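**Student:** Here's a structure for you.
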Amino acid sequence: MMTPTRPSEAAEHWSLRLYVAGQTDKSLRAINNLTRICKEHLEGRYSIEVIDLLEHPQLAAGDQIIALPTLVRRLPEPIKKILGDLSNQERVLVGLDVRPRT
Amino acid sequence: MVEQLKKVPTGIAGLDELTGGGLPAGRPTLVCGGPGCGKTLLATTFLVRGAVDHSEPGLLVSFDERIPDMGVNVASLGFDLPDLEARGLLATDYVHIDRQEMHETGEYDLEALFIRLNLAVNRVGARRVVLDTIDTLFAGIPNQGIVRSELRRLFGWLKDHQLTTVITAERGEGSLTRHGIEEYVSDCVILLDHRVIEDLSTRRLRIVKYRGTSHGTNEYPFLIDEQGITVLPITSLGLRHGASNESMSTGLPQLDAMLSSKGYFKGSSTLLTGGPGTGKTTIAAHFADATCRNGERCIYFSFEESASQLVRNMRSAGIDLQPWIDKGLLRCQTSRPSLGGLEMHLALMVNAVRDFRPATVIIDPLSALLAIGVGSQTAFMALRLIDYLKSHGVTALYLSLQDSEEPTSLHISSIMDTWIVVRNMRSDTDLSRRLHIVKARGMAHSNQVRRMEITNSGVRLTDLPTAREAAEGLR
């Protein structure tokens, strides 16, 4: 991934990875919340990868995941981990460092 | 019939004896203590010994240190973690939680931790698990309520999977652990402590709780050295040692003759007391010499002389110990009593005995060792040593600097099987030595006082003229 020499919000890209375990209510809630928030606030500037640890348990150690669901903001740096089903939109936006559009 | 609690040996010298076999099988044990008290070492030993000695693969989950760092820390004990991992006997997982990165936005649980544990357990077929240290979860996860409920679930999960687990936790102020983890562990709780008493660093271990098992409730000193952890006592304090009818020569034919067993009983304890310069060490050297002459091993623990001094001095009395040292039959272990605490000395001695497997042991002198003990523990510690040697069938000779025949303040004499006294006699014209046997359990013994001389060919005991002979001689 190219990093712009002078990062501005417009040029930034949010690379997100959501870890869940199975198709539980909590997992589905997290996925829905994340998609909605990204559409509203990061249209065209994000990518989401959902990892189900029940299918790929070996991937938990790499990102040091212990809580589920965990959303990992891989980019922009620094890496952030957002725990929970992402139902508190305000806090998700703070965690992602996204200024809500007014 | 009630099923007995199954136990898993830790492989830690002394701890398995103390717990009657080890930790509860298939259950979690909590090991708590302050920083640097040896928690991690105890836990790692449990894993490594399980993998190496009992074919029980282990899982090491570290919340604090990276696995390579842990490997370096225990390498000095001869534990090769990378090798065990390569051989499929050990799985490791470093769980790093950075609070700075964490941001809460709703409901969550610690399912990923379970997934990781499950994966690693299955990778090697782990039977033993170590979680070191669990406190990190509290520091790293913002919601303490979630941590608590998930810990309860975790301990249940470990039990369901029949995993014998050691969980380490930090000591709290006024409580066993900082986060009250003892509430979740009902089976076995061990407390480690590291403090300084009279300028001597002392480590102690206490079994706070062990459900379904009688266990020692005292604090037991333990030592960490190049052989790992050693907990004293090494043996139970019961009187269960077998009594032998065989004997070991004292090395002095005349002394053997004074004892109907023709020597010290095998596995017995003999106390040899006397003032300074009465020849105690020479009598002991005869014993060492006789042991090695018999093709058996002896350890001479000297707290006053170096090995070379001992050899030189004994050579002047016609006893050459050097060949036995060269042949590997005699080991002279010398150290200054002030080098460390009594516990440390005892543990070093126990390790030496375990390592060298001697038939006989000489402690020269026991009095110097006891002088460094602190308070009421001293007599207890001496008992442990005596009991350890006895229960391992080691014939022991304890020298003690003592002028009078009064029982010692530590009542050591009462637990000795044989007690021999040497003393200096000063007449107007000369100084001579006397030797007599105060007691000798289980054997007839001479009650005569013998004249003792140290010649250039060793100690010689001769009959004193009886009063009548003396009178006749005067005539």
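If you're wondering about the labels, chains in the structure tokens are A, B, ... by order shown, residues count from 1 in each chain, ligands from 1 in order shown.
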Please list as a ChimeraX atom specification every residue within 12 Å of Val52 (chain B), counting only C-alpha atoms and excluding residues in the same chain fewer than 2 positions away.

**Tutor:** /B:10-11,45-50,54-58,78-81,83-85,87-90

**Student:** As a VMD selection string, could you give me every residue of chain B near chain A (at most 7 Å apart, counting only C-alpha atoms)?

**Tutor:** chain B and resid 95 to 96 101 to 113 115 to 116 119

**Student:** Based on DSSP run over this structure's backbone, return all residues of region 36-103 of chain B in alpha helix (DSSP H), as a PyMOL selection string.

**Tutor:** chain B and resi 39-53+67-75+81-86

**Student:** Atoms to include: N, CA and C atoms. Write the selected residues as a compact mmCIF listing (two decimals), in the first residue's frame.

**Tutor:**
```txt
# COMPACT_ATOMS: atom_id res chain seq x y z
N LYS B 39 7.79 -17.53 41.10
CA LYS B 39 6.54 -18.09 40.55
C LYS B 39 6.75 -18.71 39.18
N THR B 40 7.36 -17.90 38.30
CA THR B 40 7.51 -18.34 36.92
C THR B 40 8.42 -19.55 36.84
N LEU B 41 9.46 -19.55 37.66
CA LEU B 41 10.39 -20.67 37.65
C LEU B 41 9.69 -21.95 38.12
N LEU B 42 8.89 -21.81 39.16
CA LEU B 42 8.16 -22.97 39.66
C LEU B 42 7.23 -23.51 38.57
N ALA B 43 6.52 -22.59 37.92
CA ALA B 43 5.57 -22.99 36.89
C ALA B 43 6.30 -23.64 35.71
N THR B 44 7.43 -23.07 35.31
CA THR B 44 8.16 -23.60 34.16
C THR B 44 8.74 -24.97 34.49
N THR B 45 9.24 -25.13 35.71
CA THR B 45 9.77 -26.43 36.12
C THR B 45 8.70 -27.50 36.02
N PHE B 46 7.51 -27.15 36.49
CA PHE B 46 6.36 -28.07 36.44
C PHE B 46 6.10 -28.52 35.00
N LEU B 47 6.20 -27.58 34.06
CA LEU B 47 5.95 -27.92 32.66
C LEU B 47 7.07 -28.79 32.08
N VAL B 48 8.30 -28.35 32.31
CA VAL B 48 9.45 -29.03 31.71
C VAL B 48 9.59 -30.44 32.28
N ARG B 49 9.47 -30.57 33.59
CA ARG B 49 9.60 -31.90 34.21
C ARG B 49 8.47 -32.82 33.71
N GLY B 50 7.30 -32.25 33.54
CA GLY B 50 6.18 -33.03 33.04
C GLY B 50 6.47 -33.56 31.64
N ALA B 51 7.01 -32.69 30.81
CA ALA B 51 7.29 -33.07 29.42
C ALA B 51 8.44 -34.07 29.36
N VAL B 52 9.48 -33.82 30.14
CA VAL B 52 10.69 -34.64 30.04
C VAL B 52 10.56 -35.95 30.81
N ASP B 53 10.04 -35.87 32.04
CA ASP B 53 10.05 -37.05 32.91
C ASP B 53 8.76 -37.85 32.90
N ILE B 67 8.32 -15.39 24.81
CA ILE B 67 8.76 -16.77 25.01
C ILE B 67 10.29 -16.90 24.89
N PRO B 68 10.93 -16.27 23.89
CA PRO B 68 12.40 -16.41 23.82
C PRO B 68 13.09 -15.89 25.09
N ASP B 69 12.54 -14.80 25.67
CA ASP B 69 13.12 -14.27 26.91
C ASP B 69 12.97 -15.27 28.04
N MET B 70 11.82 -15.91 28.11
CA MET B 70 11.60 -16.91 29.16
C MET B 70 12.57 -18.07 28.97
N GLY B 71 12.78 -18.42 27.70
CA GLY B 71 13.70 -19.51 27.39
C GLY B 71 15.10 -19.21 27.89
N VAL B 72 15.52 -17.97 27.69
CA VAL B 72 16.86 -17.56 28.14
C VAL B 72 16.94 -17.64 29.67
N ASN B 73 15.86 -17.21 30.34
CA ASN B 73 15.86 -17.20 31.80
C ASN B 73 16.03 -18.59 32.40
N VAL B 74 15.45 -19.59 31.76
CA VAL B 74 15.50 -20.93 32.36
C VAL B 74 16.59 -21.80 31.73
N ALA B 75 17.30 -21.25 30.74
CA ALA B 75 18.35 -22.04 30.08
C ALA B 75 19.45 -22.41 31.07
N LEU B 81 13.78 -24.79 26.17
CA LEU B 81 12.40 -24.64 25.71
C LEU B 81 12.28 -24.81 24.19
N PRO B 82 13.17 -24.17 23.40
CA PRO B 82 13.03 -24.34 21.95
C PRO B 82 13.13 -25.81 21.51
N ASP B 83 14.01 -26.55 22.18
CA ASP B 83 14.17 -27.96 21.84
C ASP B 83 12.89 -28.74 22.17
N LEU B 84 12.32 -28.46 23.35
CA LEU B 84 11.09 -29.15 23.73
C LEU B 84 9.98 -28.83 22.74
N GLU B 85 9.98 -27.58 22.28
CA GLU B 85 8.96 -27.18 21.33
C GLU B 85 9.15 -27.91 20.00
N ALA B 86 10.43 -28.01 19.60
CA ALA B 86 10.73 -28.70 18.34
C ALA B 86 10.35 -30.17 18.41
```

**Student:** DSSP on the backbone, strand (DSSP E or B) only: what residues of region 177-418 of chain B does that give? Format it as a ChimeraX atom specification.

**Tutor:** /B:188-197,200-210,219-225,228-231,247-248,259,264-265,269-274,298-302,330-334,360-364,395-401,418

**Student:** For Ala352 (chain B), list every protein, DNA or RNA residue within 12 Å, evaluated using only C-alpha atoms, and leave out those in the same chain fewer than 2 positions away; present the list as a list in words.

**Tutor:**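 Skipping anything fewer than 2 positions along the chain leaves Asp225, Glu226, Gln227, Thr230, Cys298, Ile299, Tyr300, Phe301, Arg331, Cys332, Gln333, Thr334, His345, Leu346, Ala347, Leu348, Met349, Val350, Arg354, Asp355, Phe356, Arg357, Pro358, Val361 and Leu389 of chain B.
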
**Student:** Write out the residues from the selection above, keeping N, CA, C and O atoms, as a JSON list (two decimals), in the first residue's frame.

**Tutor:**
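Saved the output as out_4.json:
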```
[["chain", "number", "residue", "atom", "x", "y", "z"],
["B", 225, "ASP", "N", 18.72, -22.44, 42.89],
["B", 225, "ASP", "CA", 20.12, -22.47, 42.48],
["B", 225, "ASP", "C", 20.21, -23.09, 41.10],
["B", 225, "ASP", "O", 19.21, -23.22, 40.41],
["B", 226, "GLU", "N", 21.42, -23.46, 40.71],
["B", 226, "GLU", "CA", 21.60, -23.95, 39.35],
["B", 226, "GLU", "C", 20.87, -25.27, 39.10],
["B", 226, "GLU", "O", 20.73, -25.70, 37.96],
["B", 227, "GLN", "N", 20.38, -25.88, 40.17],
["B", 227, "GLN", "CA", 19.61, -27.11, 39.98],
["B", 227, "GLN", "C", 18.11, -26.85, 40.00],
["B", 227, "GLN", "O", 17.31, -27.78, 40.01],
["B", 230, "THR", "N", 14.48, -26.05, 45.14],
["B", 230, "THR", "CA", 14.49, -27.11, 46.14],
["B", 230, "THR", "C", 13.72, -26.60, 47.34],
["B", 230, "THR", "O", 14.02, -25.55, 47.88],
["B", 298, "CYS", "N", 31.68, -40.72, 50.08],
["B", 298, "CYS", "CA", 31.50, -39.91, 51.28],
["B", 298, "CYS", "C", 31.55, -38.44, 50.91],
["B", 298, "CYS", "O", 32.34, -38.04, 50.06],
["B", 299, "ILE", "N", 30.71, -37.66, 51.54],
["B", 299, "ILE", "CA", 30.83, -36.20, 51.39],
["B", 299, "ILE", "C", 31.26, -35.62, 52.74],
["B", 299, "ILE", "O", 30.65, -35.92, 53.78],
["B", 300, "TYR", "N", 32.30, -34.83, 52.69],
["B", 300, "TYR", "CA", 32.77, -34.14, 53.89],
["B", 300, "TYR", "C", 32.38, -32.67, 53.75],
["B", 300, "TYR", "O", 32.94, -31.95, 52.95],
["B", 301, "PHE", "N", 31.39, -32.24, 54.54],
["B", 301, "PHE", "CA", 31.00, -30.83, 54.53],
["B", 301, "PHE", "C", 31.82, -30.11, 55.59],
["B", 301, "PHE", "O", 31.70, -30.42, 56.77],
["B", 331, "ARG", "N", 34.12, -36.36, 48.36],
["B", 331, "ARG", "CA", 33.90, -34.98, 47.94],
["B", 331, "ARG", "C", 33.99, -34.10, 49.19],
["B", 331, "ARG", "O", 33.33, -34.38, 50.19],
["B", 332, "CYS", "N", 34.84, -33.08, 49.10],
["B", 332, "CYS", "CA", 34.91, -32.12, 50.20],
["B", 332, "CYS", "C", 34.17, -30.88, 49.77],
["B", 332, "CYS", "O", 34.57, -30.22, 48.82],
["B", 333, "GLN", "N", 33.09, -30.59, 50.43],
["B", 333, "GLN", "CA", 32.35, -29.38, 50.09],
["B", 333, "GLN", "C", 32.53, -28.39, 51.22],
["B", 333, "GLN", "O", 32.11, -28.63, 52.35],
["B", 334, "THR", "N", 33.20, -27.30, 50.89],
["B", 334, "THR", "CA", 33.50, -26.35, 51.95],
["B", 334, "THR", "C", 32.85, -25.01, 51.65],
["B", 334, "THR", "O", 32.78, -24.58, 50.50],
["B", 345, "HIS", "N", 22.30, -23.24, 53.15],
["B", 345, "HIS", "CA", 23.30, -24.28, 53.36],
["B", 345, "HIS", "C", 22.66, -25.66, 53.32],
["B", 345, "HIS", "O", 23.19, -26.58, 52.72],
["B", 346, "LEU", "N", 21.53, -25.79, 53.99],
["B", 346, "LEU", "CA", 20.89, -27.10, 54.03],
["B", 346, "LEU", "C", 20.47, -27.53, 52.62],
["B", 346, "LEU", "O", 20.65, -28.68, 52.24],
["B", 347, "ALA", "N", 19.94, -26.59, 51.87],
["B", 347, "ALA", "CA", 19.52, -26.95, 50.52],
["B", 347, "ALA", "C", 20.71, -27.34, 49.66],
["B", 347, "ALA", "O", 20.64, -28.30, 48.88],
["B", 348, "LEU", "N", 21.82, -26.63, 49.81],
["B", 348, "LEU", "CA", 23.03, -26.97, 49.05],
["B", 348, "LEU", "C", 23.52, -28.36, 49.44],
["B", 348, "LEU", "O", 23.96, -29.14, 48.60],
["B", 349, "MET", "N", 23.42, -28.65, 50.74],
["B", 349, "MET", "CA", 23.87, -29.96, 51.20],
["B", 349, "MET", "C", 22.96, -31.06, 50.65],
["B", 349, "MET", "O", 23.42, -32.10, 50.20],
["B", 350, "VAL", "N", 21.68, -30.79, 50.71],
["B", 350, "VAL", "CA", 20.72, -31.78, 50.20],
["B", 350, "VAL", "C", 20.95, -32.02, 48.71],
["B", 350, "VAL", "O", 20.95, -33.16, 48.24],
["B", 354, "ARG", "N", 21.96, -35.50, 46.96],
["B", 354, "ARG", "CA", 21.13, -36.05, 45.89],
["B", 354, "ARG", "C", 21.97, -36.34, 44.66],
["B", 354, "ARG", "O", 21.79, -37.32, 43.96],
["B", 355, "ASP", "N", 22.91, -35.46, 44.44],
["B", 355, "ASP", "CA", 23.75, -35.55, 43.25],
["B", 355, "ASP", "C", 24.81, -36.63, 43.38],
["B", 355, "ASP", "O", 25.04, -37.41, 42.46],
["B", 356, "PHE", "N", 25.47, -36.71, 44.53],
["B", 356, "PHE", "CA", 26.65, -37.56, 44.71],
["B", 356, "PHE", "C", 26.29, -38.94, 45.26],
["B", 356, "PHE", "O", 27.05, -39.89, 45.14],
["B", 357, "ARG", "N", 25.15, -39.05, 45.89],
["B", 357, "ARG", "CA", 24.66, -40.29, 46.50],
["B", 357, "ARG", "C", 25.72, -40.96, 47.38],
["B", 357, "ARG", "O", 26.13, -42.10, 47.12],
["B", 358, "PRO", "N", 26.14, -40.27, 48.42],
["B", 358, "PRO", "CA", 27.17, -40.85, 49.28],
["B", 358, "PRO", "C", 26.57, -41.87, 50.25],
["B", 358, "PRO", "O", 25.38, -41.83, 50.54],
["B", 361, "VAL", "N", 28.14, -39.27, 55.31],
["B", 361, "VAL", "CA", 28.27, -37.82, 55.26],
["B", 361, "VAL", "C", 28.85, -37.34, 56.58],
["B", 361, "VAL", "O", 28.50, -37.86, 57.64],
["B", 389, "LEU", "N", 18.90, -37.20, 55.73],
["B", 389, "LEU", "CA", 20.01, -38.13, 55.56],
["B", 389, "LEU", "C", 19.60, -39.52, 56.01],
["B", 389, "LEU", "O", 19.87, -40.52, 55.35]]
```

**Student:** Which residues, written as a PyMOL selection string, have at least one atom at most 6 Å from Cys292 (chain B), with only C-alpha atoms counted and residues fewer than 4 positions away on the same chain left out?

**Tutor:** chain B and resi 296-297+329

**Student:** May I have the residues from that selection written out with N, CA, C and O atoms, as a tab-separated table (two decimals), in the first residue's frame?

**Tutor:**
```tsv
chain	number	residue	atom	x	y	z
B	296	GLU	N	33.00	-47.05	48.90
B	296	GLU	CA	31.77	-46.27	48.91
B	296	GLU	C	32.08	-44.77	48.97
B	296	GLU	O	33.20	-44.38	49.26
B	297	ARG	N	31.06	-43.98	48.68
B	297	ARG	CA	31.29	-42.54	48.59
B	297	ARG	C	30.97	-41.81	49.89
B	297	ARG	O	30.11	-42.24	50.66
B	329	LEU	N	35.68	-40.72	45.07
B	329	LEU	CA	34.91	-41.35	46.15
B	329	LEU	C	34.63	-40.37	47.28
B	329	LEU	O	33.65	-40.51	48.02
```

**Student:** List the neighbours of Ala13 (chain B) out to 8 Å using only C-alpha atoms; skip same-chain residues closer than 3 positions along the sequence, and give me the result as a list in words.

**Tutor:**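 The contact residues come out as Asp16, Glu17, Ile229, Thr230, Val231 and Ile234 of chain B.
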
**Student:** Put those residues in a file: all heavy atoms, as a PDB file, in the first residue's frame.

**Tutor:**
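That gives us out.pdb:
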```pdb
ATOM      1  N   ASP B  16       6.793 -32.083  46.029  1.00  0.00           N
ATOM      2  CA  ASP B  16       5.968 -33.272  45.849  1.00  0.00           C
ATOM      3  C   ASP B  16       5.810 -34.050  47.152  1.00  0.00           C
ATOM      4  O   ASP B  16       4.755 -34.617  47.423  1.00  0.00           O
ATOM      5  CB  ASP B  16       6.545 -34.152  44.742  1.00  0.00           C
ATOM      6  CG  ASP B  16       6.410 -33.497  43.373  1.00  0.00           C
ATOM      7  OD1 ASP B  16       5.532 -32.624  43.229  1.00  0.00           O
ATOM      8  OD2 ASP B  16       7.186 -33.834  42.469  1.00  0.00           O
ATOM      9  N   GLU B  17       6.872 -34.044  47.969  1.00  0.00           N
ATOM     10  CA  GLU B  17       6.785 -34.703  49.269  1.00  0.00           C
ATOM     11  C   GLU B  17       5.801 -33.951  50.169  1.00  0.00           C
ATOM     12  O   GLU B  17       5.003 -34.536  50.880  1.00  0.00           O
ATOM     13  CB  GLU B  17       8.159 -34.741  49.949  1.00  0.00           C
ATOM     14  CG  GLU B  17       9.113 -35.789  49.391  1.00  0.00           C
ATOM     15  CD  GLU B  17       9.858 -35.304  48.155  1.00  0.00           C
ATOM     16  OE1 GLU B  17       9.515 -34.223  47.627  1.00  0.00           O
ATOM     17  OE2 GLU B  17      10.790 -36.002  47.722  1.00  0.00           O
ATOM     18  N   ILE B 229      14.561 -25.331  41.724  1.00  0.00           N
ATOM     19  CA  ILE B 229      13.942 -25.050  43.019  1.00  0.00           C
ATOM     20  C   ILE B 229      14.071 -26.272  43.921  1.00  0.00           C
ATOM     21  O   ILE B 229      13.821 -27.391  43.494  1.00  0.00           O
ATOM     22  CB  ILE B 229      12.450 -24.713  42.840  1.00  0.00           C
ATOM     23  CG1 ILE B 229      12.306 -23.461  41.978  1.00  0.00           C
ATOM     24  CG2 ILE B 229      11.771 -24.515  44.185  1.00  0.00           C
ATOM     25  CD1 ILE B 229      10.881 -23.040  41.754  1.00  0.00           C
ATOM     26  N   THR B 230      14.478 -26.048  45.137  1.00  0.00           N
ATOM     27  CA  THR B 230      14.489 -27.106  46.136  1.00  0.00           C
ATOM     28  C   THR B 230      13.716 -26.603  47.341  1.00  0.00           C
ATOM     29  O   THR B 230      14.024 -25.554  47.880  1.00  0.00           O
ATOM     30  CB  THR B 230      15.932 -27.427  46.574  1.00  0.00           C
ATOM     31  OG1 THR B 230      16.689 -27.744  45.416  1.00  0.00           O
ATOM     32  CG2 THR B 230      15.959 -28.605  47.523  1.00  0.00           C
ATOM     33  N   VAL B 231      12.711 -27.354  47.742  1.00  0.00           N
ATOM     34  CA  VAL B 231      11.933 -26.967  48.912  1.00  0.00           C
ATOM     35  C   VAL B 231      12.349 -27.878  50.059  1.00  0.00           C
ATOM     36  O   VAL B 231      12.484 -29.081  49.896  1.00  0.00           O
ATOM     37  CB  VAL B 231      10.418 -27.122  48.650  1.00  0.00           C
ATOM     38  CG1 VAL B 231       9.626 -26.657  49.859  1.00  0.00           C
ATOM     39  CG2 VAL B 231      10.002 -26.334  47.413  1.00  0.00           C
ATOM     40  N   ILE B 234      12.783 -31.986  52.429  1.00  0.00           N
ATOM     41  CA  ILE B 234      12.846 -32.849  51.282  1.00  0.00           C
ATOM     42  C   ILE B 234      12.037 -34.095  51.592  1.00  0.00           C
ATOM     43  O   ILE B 234      11.576 -34.795  50.732  1.00  0.00           O
ATOM     44  CB  ILE B 234      14.322 -33.224  51.053  1.00  0.00           C
ATOM     45  CG1 ILE B 234      15.051 -31.999  50.586  1.00  0.00           C
ATOM     46  CG2 ILE B 234      14.505 -34.361  50.110  1.00  0.00           C
ATOM     47  CD1 ILE B 234      14.468 -31.394  49.369  1.00  0.00           C
TER      48      ILE B 234
END
```

**Student:** Tell me, as a VMD selection string, which residues lie within 9 Å of Ser261 (chain B), counting only C-alpha atoms; anything in the same chain fewer than 5 positions away does not count.

**Tutor:** chain B and resid 245 to 248 256 442 to 445

**Student:** Could you list, as a ChimeraX atom specification, every residue within 7 Å of Gly140 (chain B), counting only C-alpha atoms and ignoring same-chain residues fewer than 6 positions away?

**Tutor:** /B:97-99

**Student:** Please produce a file of those selected residues containing all heavy atoms, as a JSON list (two decimals), in the first residue's frame.

**Tutor:**
```json
[["chain", "number", "residue", "atom", "x", "y", "z"],
["B", 97, "ILE", "N", -1.11, -7.97, 25.68],
["B", 97, "ILE", "CA", -2.27, -7.08, 25.72],
["B", 97, "ILE", "C", -1.77, -5.67, 25.98],
["B", 97, "ILE", "O", -1.14, -5.41, 26.99],
["B", 97, "ILE", "CB", -3.25, -7.49, 26.84],
["B", 97, "ILE", "CG1", -3.54, -8.99, 26.76],
["B", 97, "ILE", "CG2", -4.54, -6.70, 26.72],
["B", 97, "ILE", "CD1", -4.27, -9.52, 27.95],
["B", 98, "ASP", "N", -2.04, -4.79, 25.04],
["B", 98, "ASP", "CA", -1.62, -3.41, 25.19],
["B", 98, "ASP", "C", -2.85, -2.54, 25.44],
["B", 98, "ASP", "O", -3.66, -2.32, 24.55],
["B", 98, "ASP", "CB", -0.90, -2.95, 23.91],
["B", 98, "ASP", "CG", -0.30, -1.57, 24.08],
["B", 98, "ASP", "OD1", -0.61, -0.90, 25.09],
["B", 98, "ASP", "OD2", 0.46, -1.15, 23.19],
["B", 99, "ARG", "N", -2.93, -2.09, 26.67],
["B", 99, "ARG", "CA", -4.11, -1.31, 27.06],
["B", 99, "ARG", "C", -4.26, -0.05, 26.21],
["B", 99, "ARG", "O", -5.35, 0.40, 25.93],
["B", 99, "ARG", "CB", -3.96, -0.94, 28.54],
["B", 99, "ARG", "CG", -5.09, -0.10, 29.11],
["B", 99, "ARG", "CD", -6.17, -1.01, 29.64],
["B", 99, "ARG", "NE", -7.29, -0.26, 30.18],
["B", 99, "ARG", "CZ", -7.73, -0.40, 31.42],
["B", 99, "ARG", "NH1", -7.13, -1.24, 32.25],
["B", 99, "ARG", "NH2", -8.77, 0.27, 31.85]]
```

**Student:** Work out how far apart CA of Ile167 (chain B) and CA of Val196 (chain B) are and give it in Å to one decimal.

**Tutor:**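 Between CA of Ile167 (chain B) and CA of Val196 (chain B) the gap is 25.7 Å.
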